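Chemist: This is the content of work_39.cif (mmCIF, C-alpha atoms and all ligand atoms):
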```
data_coords
#
loop_
_atom_site.group_PDB
_atom_site.id
_atom_site.type_symbol
_atom_site.label_atom_id
_atom_site.label_comp_id
_atom_site.auth_asym_id
_atom_site.auth_seq_id
_atom_site.Cartn_x
_atom_site.Cartn_y
_atom_site.Cartn_z
ATOM 1 C CA MET A 193 -11.110 15.512 8.823
ATOM 2 C CA ALA A 194 -8.763 17.507 6.608
ATOM 3 C CA LEU A 195 -5.089 16.919 5.990
ATOM 4 C CA PRO A 196 -3.554 20.283 5.213
ATOM 5 C CA GLY A 197 -0.581 20.143 2.911
ATOM 6 C CA VAL A 198 -1.143 16.558 1.707
ATOM 7 C CA LYS A 199 -1.841 16.533 -2.013
ATOM 8 C CA TYR A 200 -2.769 12.883 -2.563
ATOM 9 C CA LEU A 201 -3.962 10.578 0.199
ATOM 10 C CA ILE A 202 -3.957 7.063 -1.189
ATOM 11 C CA ALA A 203 -5.066 3.845 0.505
ATOM 12 C CA VAL A 204 -3.431 0.566 -0.460
ATOM 13 C CA ALA A 205 -5.872 -2.284 0.162
ATOM 14 C CA SER A 206 -6.306 -5.978 -0.474
ATOM 15 C CA GLY A 207 -9.223 -8.351 -0.186
ATOM 16 C CA LYS A 208 -7.205 -10.693 2.005
ATOM 17 C CA GLY A 209 -3.863 -10.980 3.767
ATOM 18 C CA GLY A 210 -0.670 -12.351 2.300
ATOM 19 C CA VAL A 211 -0.890 -10.900 -1.206
ATOM 20 C CA GLY A 212 1.934 -8.462 -0.437
ATOM 21 C CA LYS A 213 -0.124 -5.351 0.271
ATOM 22 C CA SER A 214 2.217 -3.976 2.944
ATOM 23 C CA THR A 215 5.269 -4.775 0.842
ATOM 24 C CA VAL A 216 3.711 -2.986 -2.120
ATOM 25 C CA ALA A 217 2.742 0.031 0.011
ATOM 26 C CA ALA A 218 6.296 0.397 1.378
ATOM 27 C CA ASN A 219 8.077 -0.104 -1.938
ATOM 28 C CA LEU A 220 5.656 2.144 -3.790
ATOM 29 C CA ALA A 221 6.283 4.857 -1.183
ATOM 30 C CA LEU A 222 10.045 4.532 -1.703
ATOM 31 C CA ALA A 223 9.731 4.478 -5.487
ATOM 32 C CA LEU A 224 7.614 7.641 -5.395
ATOM 33 C CA LYS A 225 10.339 9.235 -3.289
ATOM 34 C CA MET A 226 12.945 8.212 -5.877
ATOM 35 C CA LEU A 227 10.904 10.012 -8.506
ATOM 36 C CA GLY A 228 11.293 13.195 -6.477
ATOM 37 C CA GLN A 229 7.917 13.182 -4.701
ATOM 38 C CA SER A 230 7.643 13.961 -0.998
ATOM 39 C CA VAL A 231 6.099 10.908 0.638
ATOM 40 C CA GLY A 232 4.641 9.575 3.880
ATOM 41 C CA LEU A 233 3.591 6.028 4.775
ATOM 42 C CA MET A 234 0.986 5.415 7.456
ATOM 43 C CA ASP A 235 0.431 1.913 8.783
ATOM 44 C CA ALA A 236 -3.285 1.626 9.549
ATOM 45 C CA ASP A 237 -2.980 -1.992 10.643
ATOM 46 C CA ILE A 238 -3.240 -1.598 14.399
ATOM 47 C CA TYR A 239 -3.375 -5.322 15.202
ATOM 48 C CA GLY A 240 -0.587 -6.450 12.897
ATOM 49 C CA PRO A 241 1.637 -3.511 11.928
ATOM 50 C CA SER A 242 4.218 -4.307 9.224
ATOM 51 C CA VAL A 243 5.936 -0.970 8.740
ATOM 52 C CA PRO A 244 8.302 -1.301 11.748
ATOM 53 C CA THR A 245 9.844 -4.563 10.500
ATOM 54 C CA MET A 246 9.896 -3.563 6.852
ATOM 55 C CA MET A 247 11.465 -0.176 7.568
ATOM 56 C CA GLY A 248 13.748 -1.399 10.338
ATOM 57 C CA ILE A 249 12.372 0.745 13.150
ATOM 58 C CA GLY A 250 11.386 -0.676 16.519
ATOM 59 C CA MET A 251 9.615 1.019 19.381
ATOM 60 C CA VAL A 252 10.364 4.701 19.646
ATOM 61 C CA ASP A 253 10.735 6.891 22.741
ATOM 62 C CA GLN A 254 7.657 9.083 22.517
ATOM 63 C CA SER A 255 9.049 11.712 24.842
ATOM 64 C CA THR A 256 12.038 12.479 22.656
ATOM 65 C CA THR A 257 10.984 11.526 19.138
ATOM 66 C CA PRO A 258 8.590 13.627 17.109
ATOM 67 C CA PHE A 259 6.075 11.701 14.993
ATOM 68 C CA PRO A 260 5.943 10.909 12.145
ATOM 69 C CA VAL A 261 9.481 9.500 12.197
ATOM 70 C CA GLU A 262 11.614 9.680 9.090
ATOM 71 C CA LYS A 263 13.628 6.948 7.364
ATOM 72 C CA TYR A 264 14.846 6.470 3.795
ATOM 73 C CA GLY A 265 13.563 10.003 3.204
ATOM 74 C CA ILE A 266 9.925 9.230 3.908
ATOM 75 C CA LYS A 267 7.694 10.055 6.871
ATOM 76 C CA LEU A 268 6.409 7.023 8.768
ATOM 77 C CA MET A 269 3.844 6.211 11.418
ATOM 78 C CA SER A 270 2.793 2.875 12.855
ATOM 79 C CA MET A 271 1.235 1.486 16.009
ATOM 80 C CA GLY A 272 4.357 -0.667 16.192
ATOM 81 C CA PHE A 273 6.393 2.433 17.128
ATOM 82 C CA LEU A 274 4.253 2.845 20.249
ATOM 83 C CA VAL A 275 3.460 -0.682 21.394
ATOM 84 C CA ASP A 276 5.732 -3.688 21.757
ATOM 85 C CA PRO A 277 4.926 -5.989 18.825
ATOM 86 C CA ASN A 278 4.870 -8.941 21.216
ATOM 87 C CA GLN A 279 2.120 -7.305 23.237
ATOM 88 C CA ALA A 280 -0.864 -7.692 20.973
ATOM 89 C CA VAL A 281 -3.250 -4.767 20.860
ATOM 90 C CA ILE A 282 -6.653 -6.047 21.896
ATOM 91 C CA TRP A 283 -8.721 -2.938 21.324
ATOM 92 C CA ARG A 284 -12.205 -3.035 19.950
ATOM 93 C CA GLY A 285 -13.117 -1.518 16.596
ATOM 94 C CA PRO A 286 -14.025 2.029 17.664
ATOM 95 C CA LYS A 287 -10.757 2.491 19.538
ATOM 96 C CA VAL A 288 -8.794 1.289 16.526
ATOM 97 C CA ALA A 289 -10.647 3.788 14.362
ATOM 98 C CA GLN A 290 -9.805 6.510 16.886
ATOM 99 C CA ALA A 291 -6.119 5.639 16.827
ATOM 100 C CA VAL A 292 -6.005 5.774 13.049
ATOM 101 C CA ALA A 293 -7.909 9.061 13.010
ATOM 102 C CA ALA A 294 -5.394 10.454 15.506
ATOM 103 C CA PHE A 295 -2.470 9.301 13.349
ATOM 104 C CA LEU A 296 -3.989 11.171 10.448
ATOM 105 C CA SER A 297 -5.254 14.322 12.089
ATOM 106 C CA GLN A 298 -2.878 14.957 14.979
ATOM 107 C CA LEU A 299 0.457 14.395 13.307
ATOM 108 C CA ASN A 300 2.236 16.931 11.235
ATOM 109 C CA TRP A 301 2.377 15.133 7.871
ATOM 110 C CA GLY A 302 2.454 18.018 5.474
ATOM 111 C CA PRO A 303 3.651 19.304 3.173
ATOM 112 C CA LEU A 304 3.579 16.035 1.206
ATOM 113 C CA ASP A 305 2.821 15.035 -2.352
ATOM 114 C CA PHE A 306 1.727 11.516 -1.361
ATOM 115 C CA LEU A 307 0.589 9.992 1.900
ATOM 116 C CA ILE A 308 0.191 6.252 1.413
ATOM 117 C CA ILE A 309 -2.028 4.405 3.881
ATOM 118 C CA ASP A 310 -1.361 0.699 4.350
ATOM 119 C CA LEU A 311 -4.874 -0.535 5.196
ATOM 120 C CA PRO A 312 -5.408 -3.711 7.217
ATOM 121 C CA PRO A 313 -6.186 -6.680 4.941
ATOM 122 C CA GLY A 314 -9.790 -7.498 4.191
ATOM 123 C CA THR A 315 -12.989 -5.610 3.679
ATOM 124 C CA GLY A 316 -14.674 -5.757 7.055
ATOM 125 C CA ASP A 317 -16.076 -3.079 9.300
ATOM 126 C CA ALA A 318 -12.715 -1.676 10.360
ATOM 127 C CA GLN A 319 -11.581 -1.138 6.773
ATOM 128 C CA LEU A 320 -14.909 0.429 5.835
ATOM 129 C CA THR A 321 -14.741 2.881 8.739
ATOM 130 C CA LEU A 322 -11.201 3.834 7.830
ATOM 131 C CA THR A 323 -12.026 4.477 4.215
ATOM 132 C CA GLN A 324 -15.011 6.583 5.249
ATOM 133 C CA GLN A 325 -13.102 8.592 7.827
ATOM 134 C CA ALA A 326 -9.978 9.469 5.900
ATOM 135 C CA PRO A 327 -10.259 12.095 3.176
ATOM 136 C CA LEU A 328 -8.882 9.674 0.575
ATOM 137 C CA THR A 329 -8.140 10.968 -2.891
ATOM 138 C CA GLY A 330 -7.855 7.452 -4.252
ATOM 139 C CA ALA A 331 -7.344 3.772 -3.572
ATOM 140 C CA ILE A 332 -5.184 1.007 -4.982
ATOM 141 C CA VAL A 333 -6.138 -2.663 -4.732
ATOM 142 C CA VAL A 334 -3.362 -5.261 -4.621
ATOM 143 C CA THR A 335 -4.031 -8.751 -5.890
ATOM 144 C CA THR A 336 -2.105 -11.827 -7.029
ATOM 145 C CA PRO A 337 -2.641 -13.717 -10.267
ATOM 146 C CA GLN A 338 -4.663 -16.569 -8.774
ATOM 147 C CA ASP A 339 -8.421 -16.633 -9.070
ATOM 148 C CA ILE A 340 -8.941 -17.291 -5.392
ATOM 149 C CA SER A 341 -7.409 -13.977 -4.430
ATOM 150 C CA LEU A 342 -9.405 -12.263 -7.165
ATOM 151 C CA ILE A 343 -12.654 -13.146 -5.463
ATOM 152 C CA ASP A 344 -11.494 -11.227 -2.403
ATOM 153 C CA ALA A 345 -9.998 -8.399 -4.408
ATOM 154 C CA ARG A 346 -13.372 -7.793 -6.045
ATOM 155 C CA LYS A 347 -14.751 -7.139 -2.584
ATOM 156 C CA GLY A 348 -12.038 -4.512 -2.146
ATOM 157 C CA LEU A 349 -13.148 -2.724 -5.286
ATOM 158 C CA ARG A 350 -16.758 -2.850 -4.144
ATOM 159 C CA MET A 351 -15.864 -1.419 -0.751
ATOM 160 C CA PHE A 352 -14.342 1.699 -2.296
ATOM 161 C CA ASN A 353 -17.257 1.987 -4.656
ATOM 162 C CA GLU A 354 -19.608 1.944 -1.702
ATOM 163 C CA VAL A 355 -17.834 4.793 0.078
ATOM 164 C CA LYS A 356 -17.347 6.708 -3.202
ATOM 165 C CA VAL A 357 -13.557 6.635 -3.124
ATOM 166 C CA PRO A 358 -12.142 6.560 -6.657
ATOM 167 C CA VAL A 359 -10.040 3.494 -7.385
ATOM 168 C CA ILE A 360 -6.839 4.584 -9.116
ATOM 169 C CA GLY A 361 -6.227 1.034 -10.227
ATOM 170 C CA VAL A 362 -5.086 -2.500 -9.515
ATOM 171 C CA ILE A 363 -1.588 -3.872 -8.895
ATOM 172 C CA GLU A 364 -0.799 -7.519 -9.572
ATOM 173 C CA ASN A 365 1.891 -8.678 -7.161
ATOM 174 C CA MET A 366 3.926 -11.906 -7.456
ATOM 175 C CA SER A 367 2.986 -11.682 -11.072
ATOM 176 C CA TYR A 368 5.841 -13.551 -12.741
ATOM 177 C CA PHE A 369 9.419 -14.652 -12.149
ATOM 178 C CA ILE A 370 12.491 -13.549 -14.036
ATOM 179 C CA GLY A 371 15.049 -16.366 -14.206
ATOM 180 C CA ASP A 372 18.808 -16.053 -14.297
ATOM 181 C CA ASP A 373 18.445 -16.474 -18.049
ATOM 182 C CA GLY A 374 16.561 -13.150 -18.095
ATOM 183 C CA LYS A 375 13.393 -14.875 -19.273
ATOM 184 C CA ARG A 376 9.974 -14.228 -17.814
ATOM 185 C CA TYR A 377 8.235 -17.237 -16.247
ATOM 186 C CA GLU A 378 4.589 -17.145 -15.306
ATOM 187 C CA ILE A 379 4.444 -19.411 -12.297
ATOM 188 C CA PHE A 380 0.836 -18.839 -11.383
ATOM 189 C CA ARG A 381 -1.878 -18.389 -13.916
ATOM 190 C CA HIS A 382 -1.291 -14.962 -15.399
ATOM 191 C CA GLY A 383 -3.754 -12.146 -15.941
ATOM 192 C CA GLY A 384 -5.688 -11.974 -12.651
ATOM 193 C CA GLY A 385 -4.878 -8.308 -12.138
ATOM 194 C CA GLN A 386 -5.807 -7.499 -15.711
ATOM 195 C CA LYS A 387 -9.081 -9.356 -15.344
ATOM 196 C CA LEU A 388 -9.970 -7.534 -12.125
ATOM 197 C CA ALA A 389 -9.044 -4.167 -13.626
ATOM 198 C CA ARG A 390 -11.158 -4.857 -16.695
ATOM 199 C CA GLU A 391 -14.127 -5.948 -14.604
ATOM 200 C CA GLY A 392 -13.932 -2.838 -12.475
ATOM 201 C CA ALA A 393 -13.180 -0.587 -15.469
ATOM 202 C CA VAL A 394 -10.062 0.717 -13.732
ATOM 203 C CA PRO A 395 -6.446 0.714 -14.937
ATOM 204 C CA LEU A 396 -3.968 -2.094 -14.258
ATOM 205 C CA LEU A 397 -1.231 0.072 -12.757
ATOM 206 C CA GLY A 398 1.558 -2.462 -12.704
ATOM 207 C CA GLU A 399 2.749 -6.039 -12.366
ATOM 208 C CA ILE A 400 5.424 -6.808 -9.785
ATOM 209 C CA PRO A 401 7.587 -9.917 -10.247
ATOM 210 C CA ILE A 402 8.301 -12.531 -7.586
ATOM 211 C CA ASP A 403 11.791 -12.332 -6.133
ATOM 212 C CA PRO A 404 13.002 -14.077 -2.958
ATOM 213 C CA ARG A 405 14.943 -10.912 -2.181
ATOM 214 C CA VAL A 406 11.617 -9.126 -1.571
ATOM 215 C CA ALA A 407 10.983 -11.277 1.490
ATOM 216 C CA GLU A 408 14.628 -11.074 2.601
ATOM 217 C CA CYS A 409 14.465 -7.269 2.392
ATOM 218 C CA GLY A 410 11.116 -7.172 4.186
ATOM 219 C CA ASP A 411 12.704 -8.930 7.131
ATOM 220 C CA CYS A 412 15.966 -6.975 7.156
ATOM 221 C CA GLY A 413 14.374 -3.552 7.427
ATOM 222 C CA GLU A 414 15.221 -2.129 4.028
ATOM 223 C CA PRO A 415 12.696 -2.616 1.208
ATOM 224 C CA ILE A 416 14.010 -3.985 -2.091
ATOM 225 C CA VAL A 417 13.549 -0.720 -3.979
ATOM 226 C CA SER A 418 16.081 0.858 -1.639
ATOM 227 C CA LYS A 419 18.377 -2.134 -1.104
ATOM 228 C CA TYR A 420 18.512 -3.437 -4.687
ATOM 229 C CA PRO A 421 17.601 -0.432 -6.833
ATOM 230 C CA ASP A 422 18.910 -2.178 -9.963
ATOM 231 C CA SER A 423 16.756 -5.306 -9.571
ATOM 232 C CA PRO A 424 13.847 -6.066 -11.939
ATOM 233 C CA VAL A 425 11.465 -5.679 -8.966
ATOM 234 C CA ALA A 426 12.765 -2.161 -8.264
ATOM 235 C CA ALA A 427 12.389 -1.312 -11.965
ATOM 236 C CA ALA A 428 8.777 -2.536 -11.856
ATOM 237 C CA TYR A 429 8.113 -0.352 -8.812
ATOM 238 C CA LEU A 430 9.633 2.738 -10.417
ATOM 239 C CA LYS A 431 7.473 2.202 -13.480
ATOM 240 C CA LEU A 432 4.462 1.690 -11.232
ATOM 241 C CA ALA A 433 5.229 4.842 -9.224
ATOM 242 C CA GLN A 434 5.300 6.925 -12.400
ATOM 243 C CA VAL A 435 1.900 5.523 -13.391
ATOM 244 C CA VAL A 436 0.556 6.333 -9.917
ATOM 245 C CA VAL A 437 1.823 9.918 -10.216
ATOM 246 C CA ASP A 438 0.219 10.294 -13.642
ATOM 247 C CA GLU A 439 -3.073 8.668 -12.674
ATOM 248 C CA SER A 440 -3.334 10.690 -9.445
ATOM 249 C CA LYS A 441 -2.853 13.934 -11.343
ATOM 250 C CA ARG A 442 -5.288 12.869 -14.006
ATOM 251 C CA SER A 443 -7.929 11.872 -11.484
ATOM 252 C CA ALA A 444 -7.502 15.136 -9.557
ATOM 253 C CA GLU A 445 -7.905 17.105 -12.774
ATOM 254 C CA HIS A 446 -11.065 15.234 -13.641
ATOM 255 C CA ALA A 447 -12.364 15.472 -10.073
ATOM 256 C CA GLY A 448 -12.836 11.752 -9.643
ATOM 257 C CA LEU A 449 -12.599 8.662 -11.787
ATOM 258 C CA PRO A 450 -15.632 6.914 -13.188
ATOM 259 C CA GLU A 451 -17.351 4.654 -10.701
ATOM 260 C CA VAL A 452 -16.186 1.081 -10.494
ATOM 261 C CA GLN A 453 -18.630 -1.137 -12.347
ATOM 262 C CA LEU A 454 -19.135 -4.364 -10.457
HETATM 263 P P1 LIG B 1 0.079 -8.535 3.171
HETATM 264 O O1 LIG B 1 0.355 -7.129 3.601
HETATM 265 O O2 LIG B 1 -0.815 -8.606 1.965
HETATM 266 O O3 LIG B 1 -0.407 -9.429 4.271
HETATM 267 P P2 LIG B 1 2.947 -8.819 3.016
HETATM 268 O O4 LIG B 1 3.339 -7.544 2.383
HETATM 269 O O5 LIG B 1 3.168 -8.976 4.477
HETATM 270 O O6 LIG B 1 1.439 -9.191 2.659
HETATM 271 O O7 LIG B 1 3.692 -9.988 2.201
HETATM 272 C C1 LIG B 1 3.525 -11.360 2.522
HETATM 273 C C2 LIG B 1 4.839 -12.090 2.284
HETATM 274 O O8 LIG B 1 5.090 -12.160 0.883
HETATM 275 C C3 LIG B 1 6.047 -11.393 2.893
HETATM 276 O O9 LIG B 1 6.923 -12.351 3.390
HETATM 277 C C4 LIG B 1 6.660 -10.652 1.718
HETATM 278 O O10 LIG B 1 8.038 -10.430 1.897
HETATM 279 C C5 LIG B 1 6.372 -11.610 0.579
HETATM 280 N N1 LIG B 1 6.292 -10.940 -0.738
HETATM 281 C C6 LIG B 1 5.499 -9.891 -1.059
HETATM 282 N N2 LIG B 1 5.671 -9.551 -2.356
HETATM 283 C C7 LIG B 1 6.598 -10.406 -2.873
HETATM 284 C C8 LIG B 1 7.207 -10.569 -4.158
HETATM 285 N N3 LIG B 1 6.898 -9.782 -5.180
HETATM 286 N N4 LIG B 1 8.137 -11.555 -4.300
HETATM 287 C C9 LIG B 1 8.456 -12.367 -3.264
HETATM 288 N N5 LIG B 1 7.922 -12.266 -2.035
HETATM 289 C C10 LIG B 1 6.987 -11.304 -1.824
#
```
For this file, produce the structure as structure tokens.
Ligand code: ADP
Modeler:
Amino acid sequence: MALPGVKYLIAVASGKGGVGKSTVAANLALALKMLGQSVGLMDADIYGPSVPTMMGIGMVDQSTTPFPVEKYGIKLMSMGFLVDPNQAVIWRGPKVAQAVAAFLSQLNWGPLDFLIIDLPPGTGDAQLTLTQQAPLTGAIVVTTPQDISLIDARKGLRMFNEVKVPVIGVIENMSYFIGDDGKRYEIFRHGGGQKLAREGAVPLLGEIPIDPRVAECGDCGEPIVSKYPDSPVAAAYLKLAQVVVDESKRSAEHAGLPEVQL
């Protein structure tokens, strides 16, 4: 499967759910856009799509709307545009893989600098098939500072290693909290992302602070980077996006990063 006109196809993954993978994928996409990149975001979570809620788009009339749809200047696709979120999709694995392959190959994504794929959480069969099928140029693993999520995140790194997809790096989400006094508070034990990155010999791309407005924005259909561009979280995402641009270019120039060592 080839994706003509897409320069970097990047999967955002996590070892388990709830670490903020979808939130990171959406805000990273928007931050890349703010840096002047052309960007798409594809929701590969067929059973539990997050992009519709986060981007404030419900079901779409397929007969009148061309896919991918566009909002906040980025191209979007999700199963949630096609199926009522209250009607759970109960497909088996192969059909899910087919749907994702169709999203990738049958839609007119290009020309794009970045197409970000929000992978379903976990490292099971479905995720493995997806990472094998899509012509990924790189992967990003999202983790939180706690050890328990690190155990799962390691599995994420191993999965990409297995399918020979270069890992661009690790993002630590919910990393710290910035109080009204402007000080940085480390609520959870700090350094999980750094530890994982070191173990896998990949870069730590960024650390995103905790902010209740992230969840508020996720529910109101406009991610924080767009709604509160002056917030510390938005600043962290812009910094992260620049690192992702640089690392993607660097890895393309070197035709692949060194293998993850785990
Ligand atoms: P995942 O995709 O890993 O399952 P989500 O992106 O759905 O996780 O995020 C889980 C919850 O955590 C959501 O309610 C989201 O708004 C919230 N969240 C994510 N990142 C942050 C953050 N940095 N600060 C505060 N809340 C966050």
Chemist: Write as a JSON list (two decimals) with C-alpha atoms, keeping the file's coordinate frame the residues around ligand LIG 1 (chain B), taking 9 Å as the cut-off and counting all atoms listed in the file.
Modeler:
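What ended up in selection10.json:
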```json
[["chain", "number", "residue", "atom", "x", "y", "z"],
["A", 205, "ALA", "CA", -5.87, -2.28, 0.16],
["A", 206, "SER", "CA", -6.31, -5.98, -0.47],
["A", 207, "GLY", "CA", -9.22, -8.35, -0.19],
["A", 208, "LYS", "CA", -7.20, -10.69, 2.00],
["A", 209, "GLY", "CA", -3.86, -10.98, 3.77],
["A", 210, "GLY", "CA", -0.67, -12.35, 2.30],
["A", 211, "VAL", "CA", -0.89, -10.90, -1.21],
["A", 212, "GLY", "CA", 1.93, -8.46, -0.44],
["A", 213, "LYS", "CA", -0.12, -5.35, 0.27],
["A", 214, "SER", "CA", 2.22, -3.98, 2.94],
["A", 215, "THR", "CA", 5.27, -4.78, 0.84],
["A", 216, "VAL", "CA", 3.71, -2.99, -2.12],
["A", 217, "ALA", "CA", 2.74, 0.03, 0.01],
["A", 218, "ALA", "CA", 6.30, 0.40, 1.38],
["A", 242, "SER", "CA", 4.22, -4.31, 9.22],
["A", 246, "MET", "CA", 9.90, -3.56, 6.85],
["A", 310, "ASP", "CA", -1.36, 0.70, 4.35],
["A", 311, "LEU", "CA", -4.87, -0.54, 5.20],
["A", 312, "PRO", "CA", -5.41, -3.71, 7.22],
["A", 313, "PRO", "CA", -6.19, -6.68, 4.94],
["A", 334, "VAL", "CA", -3.36, -5.26, -4.62],
["A", 335, "THR", "CA", -4.03, -8.75, -5.89],
["A", 365, "ASN", "CA", 1.89, -8.68, -7.16],
["A", 366, "MET", "CA", 3.93, -11.91, -7.46],
["A", 367, "SER", "CA", 2.99, -11.68, -11.07],
["A", 368, "TYR", "CA", 5.84, -13.55, -12.74],
["A", 369, "PHE", "CA", 9.42, -14.65, -12.15],
["A", 400, "ILE", "CA", 5.42, -6.81, -9.78],
["A", 401, "PRO", "CA", 7.59, -9.92, -10.25],
["A", 402, "ILE", "CA", 8.30, -12.53, -7.59],
["A", 403, "ASP", "CA", 11.79, -12.33, -6.13],
["A", 404, "PRO", "CA", 13.00, -14.08, -2.96],
["A", 405, "ARG", "CA", 14.94, -10.91, -2.18],
["A", 406, "VAL", "CA", 11.62, -9.13, -1.57],
["A", 407, "ALA", "CA", 10.98, -11.28, 1.49],
["A", 408, "GLU", "CA", 14.63, -11.07, 2.60],
["A", 409, "CYS", "CA", 14.46, -7.27, 2.39],
["A", 410, "GLY", "CA", 11.12, -7.17, 4.19],
["A", 411, "ASP", "CA", 12.70, -8.93, 7.13],
["A", 425, "VAL", "CA", 11.46, -5.68, -8.97]]
```
Chemist: Which residues would end up in the selection if the PyMOL selection byres (((chain A and resi 444) around 12) and not hetatm) were applied here, given that I need the answer as a list in words?
Modeler: Lys199, Tyr200, Leu201, Leu328, Thr329, Gly330, Pro358, Ile360, Val436, Val437, Asp438, Glu439, Ser440, Lys441, Arg442, Ser443, Glu445, His446, Ala447, Gly448 and Leu449 of chain A
Chemist: For region 442-445 of chain A, what centre and edge lengths in Å (one decimal) does the axis-aligned box get once 3 Å is added on each side of all its listed atoms, as JSON?
Modeler:
```
{"center_x": -6.6, "center_y": 14.5, "center_z": -11.8, "size_x": 8.6, "size_y": 11.2, "size_z": 10.4}
```
Chemist: So what does the PyMOL selection byres (((chain A and resi 267) around 10) and not hetatm) actually pick up in this one, as a tab-separated table (two decimals) with C-alpha atoms, keeping the file's coordinate frame?
Modeler:
```tsv
chain	number	residue	atom	x	y	z
A	221	ALA	CA	6.28	4.86	-1.18
A	230	SER	CA	7.64	13.96	-1.00
A	231	VAL	CA	6.10	10.91	0.64
A	232	GLY	CA	4.64	9.57	3.88
A	233	LEU	CA	3.59	6.03	4.78
A	234	MET	CA	0.99	5.42	7.46
A	259	PHE	CA	6.08	11.70	14.99
A	260	PRO	CA	5.94	10.91	12.14
A	261	VAL	CA	9.48	9.50	12.20
A	262	GLU	CA	11.61	9.68	9.09
A	263	LYS	CA	13.63	6.95	7.36
A	264	TYR	CA	14.85	6.47	3.80
A	265	GLY	CA	13.56	10.00	3.20
A	266	ILE	CA	9.93	9.23	3.91
A	268	LEU	CA	6.41	7.02	8.77
A	269	MET	CA	3.84	6.21	11.42
A	300	ASN	CA	2.24	16.93	11.24
A	301	TRP	CA	2.38	15.13	7.87
A	302	GLY	CA	2.45	18.02	5.47
A	304	LEU	CA	3.58	16.04	1.21
A	307	LEU	CA	0.59	9.99	1.90
```
Chemist: Applied to this file, what does the PyMOL selection byres (((chain A and resi 327) around 9) and not hetatm) return in terms of residues, put as a PDB file with C-alpha atoms, in the frame of the given file?
Modeler:
```
ATOM      1  CA  MET A 193     -11.110  15.512   8.823  1.00  0.00           C
ATOM      2  CA  ALA A 194      -8.763  17.507   6.608  1.00  0.00           C
ATOM      3  CA  LEU A 195      -5.089  16.919   5.990  1.00  0.00           C
ATOM      4  CA  LEU A 201      -3.962  10.578   0.199  1.00  0.00           C
ATOM      5  CA  THR A 323     -12.026   4.477   4.215  1.00  0.00           C
ATOM      6  CA  GLN A 324     -15.011   6.583   5.249  1.00  0.00           C
ATOM      7  CA  GLN A 325     -13.102   8.592   7.827  1.00  0.00           C
ATOM      8  CA  ALA A 326      -9.978   9.469   5.900  1.00  0.00           C
ATOM      9  CA  LEU A 328      -8.882   9.674   0.575  1.00  0.00           C
ATOM     10  CA  THR A 329      -8.140  10.968  -2.891  1.00  0.00           C
ATOM     11  CA  VAL A 357     -13.557   6.635  -3.124  1.00  0.00           C
TER      12      VAL A 357
END
```
Chemist: Interatomic distance between CA of Gln434 (chain A) and CA of Leu227 (chain A)?
Modeler: 7.5 Å
Chemist: Can you work out which one of A:Ile309, A:Leu388, A:Ala293, A:Leu320 has the shortest atom-to-atom distance to Ser341 (chain A), counting all atoms listed in the file?
Modeler: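 Smallest distance to Ser341 (chain A) is found for A:Leu388.
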Chemist: Suppose you want the space between CA of Val204 (chain A) and CA of Ile282 (chain A); what is it in Å?
Modeler: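 Spanning CA of Val204 (chain A) to CA of Ile282 (chain A) is a straight-line distance of 23.5 Å.
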Chemist: Hey, what's within 7 Å of Asn219 (chain A) if we count all atoms listed in the file and toss same-chain stuff fewer than 5 positions away? As a list in words, please?
Modeler: Pro415, Val417 and Tyr429 of chain A
Chemist: I need the residue nearest Gln319 (chain A) from this list: A:Gly413, A:Pro303, A:Gly385, A:Pro286. Use all atoms listed in the file for the distance.
Modeler: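 Nearest to Gln319 (chain A): A:Pro286.
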Chemist: Which protein, DNA or RNA residues have an atom at most 12 Å from (-12.6, -7.5, -14.3), counting all atoms listed in the file? List them as a list in words.
Modeler: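 Applying the cut-off with all atoms listed in the file, one gets Asp339, Leu342, Ile343, Ala345, Arg346, Lys347, Leu349, Arg350, Gly361, Val362, Gly383, Gly384, Gly385, Gln386, Lys387, Leu388, Ala389, Arg390, Glu391, Gly392, Ala393, Val394, Pro395, Leu396, Val452, Gln453 and Leu454 of chain A.
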Chemist: Which residue gives the smallest distance to Pro258 (chain A) among A:Gln298, A:Asp237, A:Leu220, A:Ala289, with all atoms listed in the file counted?
Modeler: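 Among A:Gln298, A:Asp237, A:Leu220, A:Ala289, it is A:Gln298 that comes nearest to Pro258 (chain A).
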Chemist: Interatomic distance between CA of Arg376 (chain A) and CA of Ala223 (chain A)?
Modeler: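 Pair CA of Arg376 (chain A) / CA of Ala223 (chain A) returns 22.4 Å.
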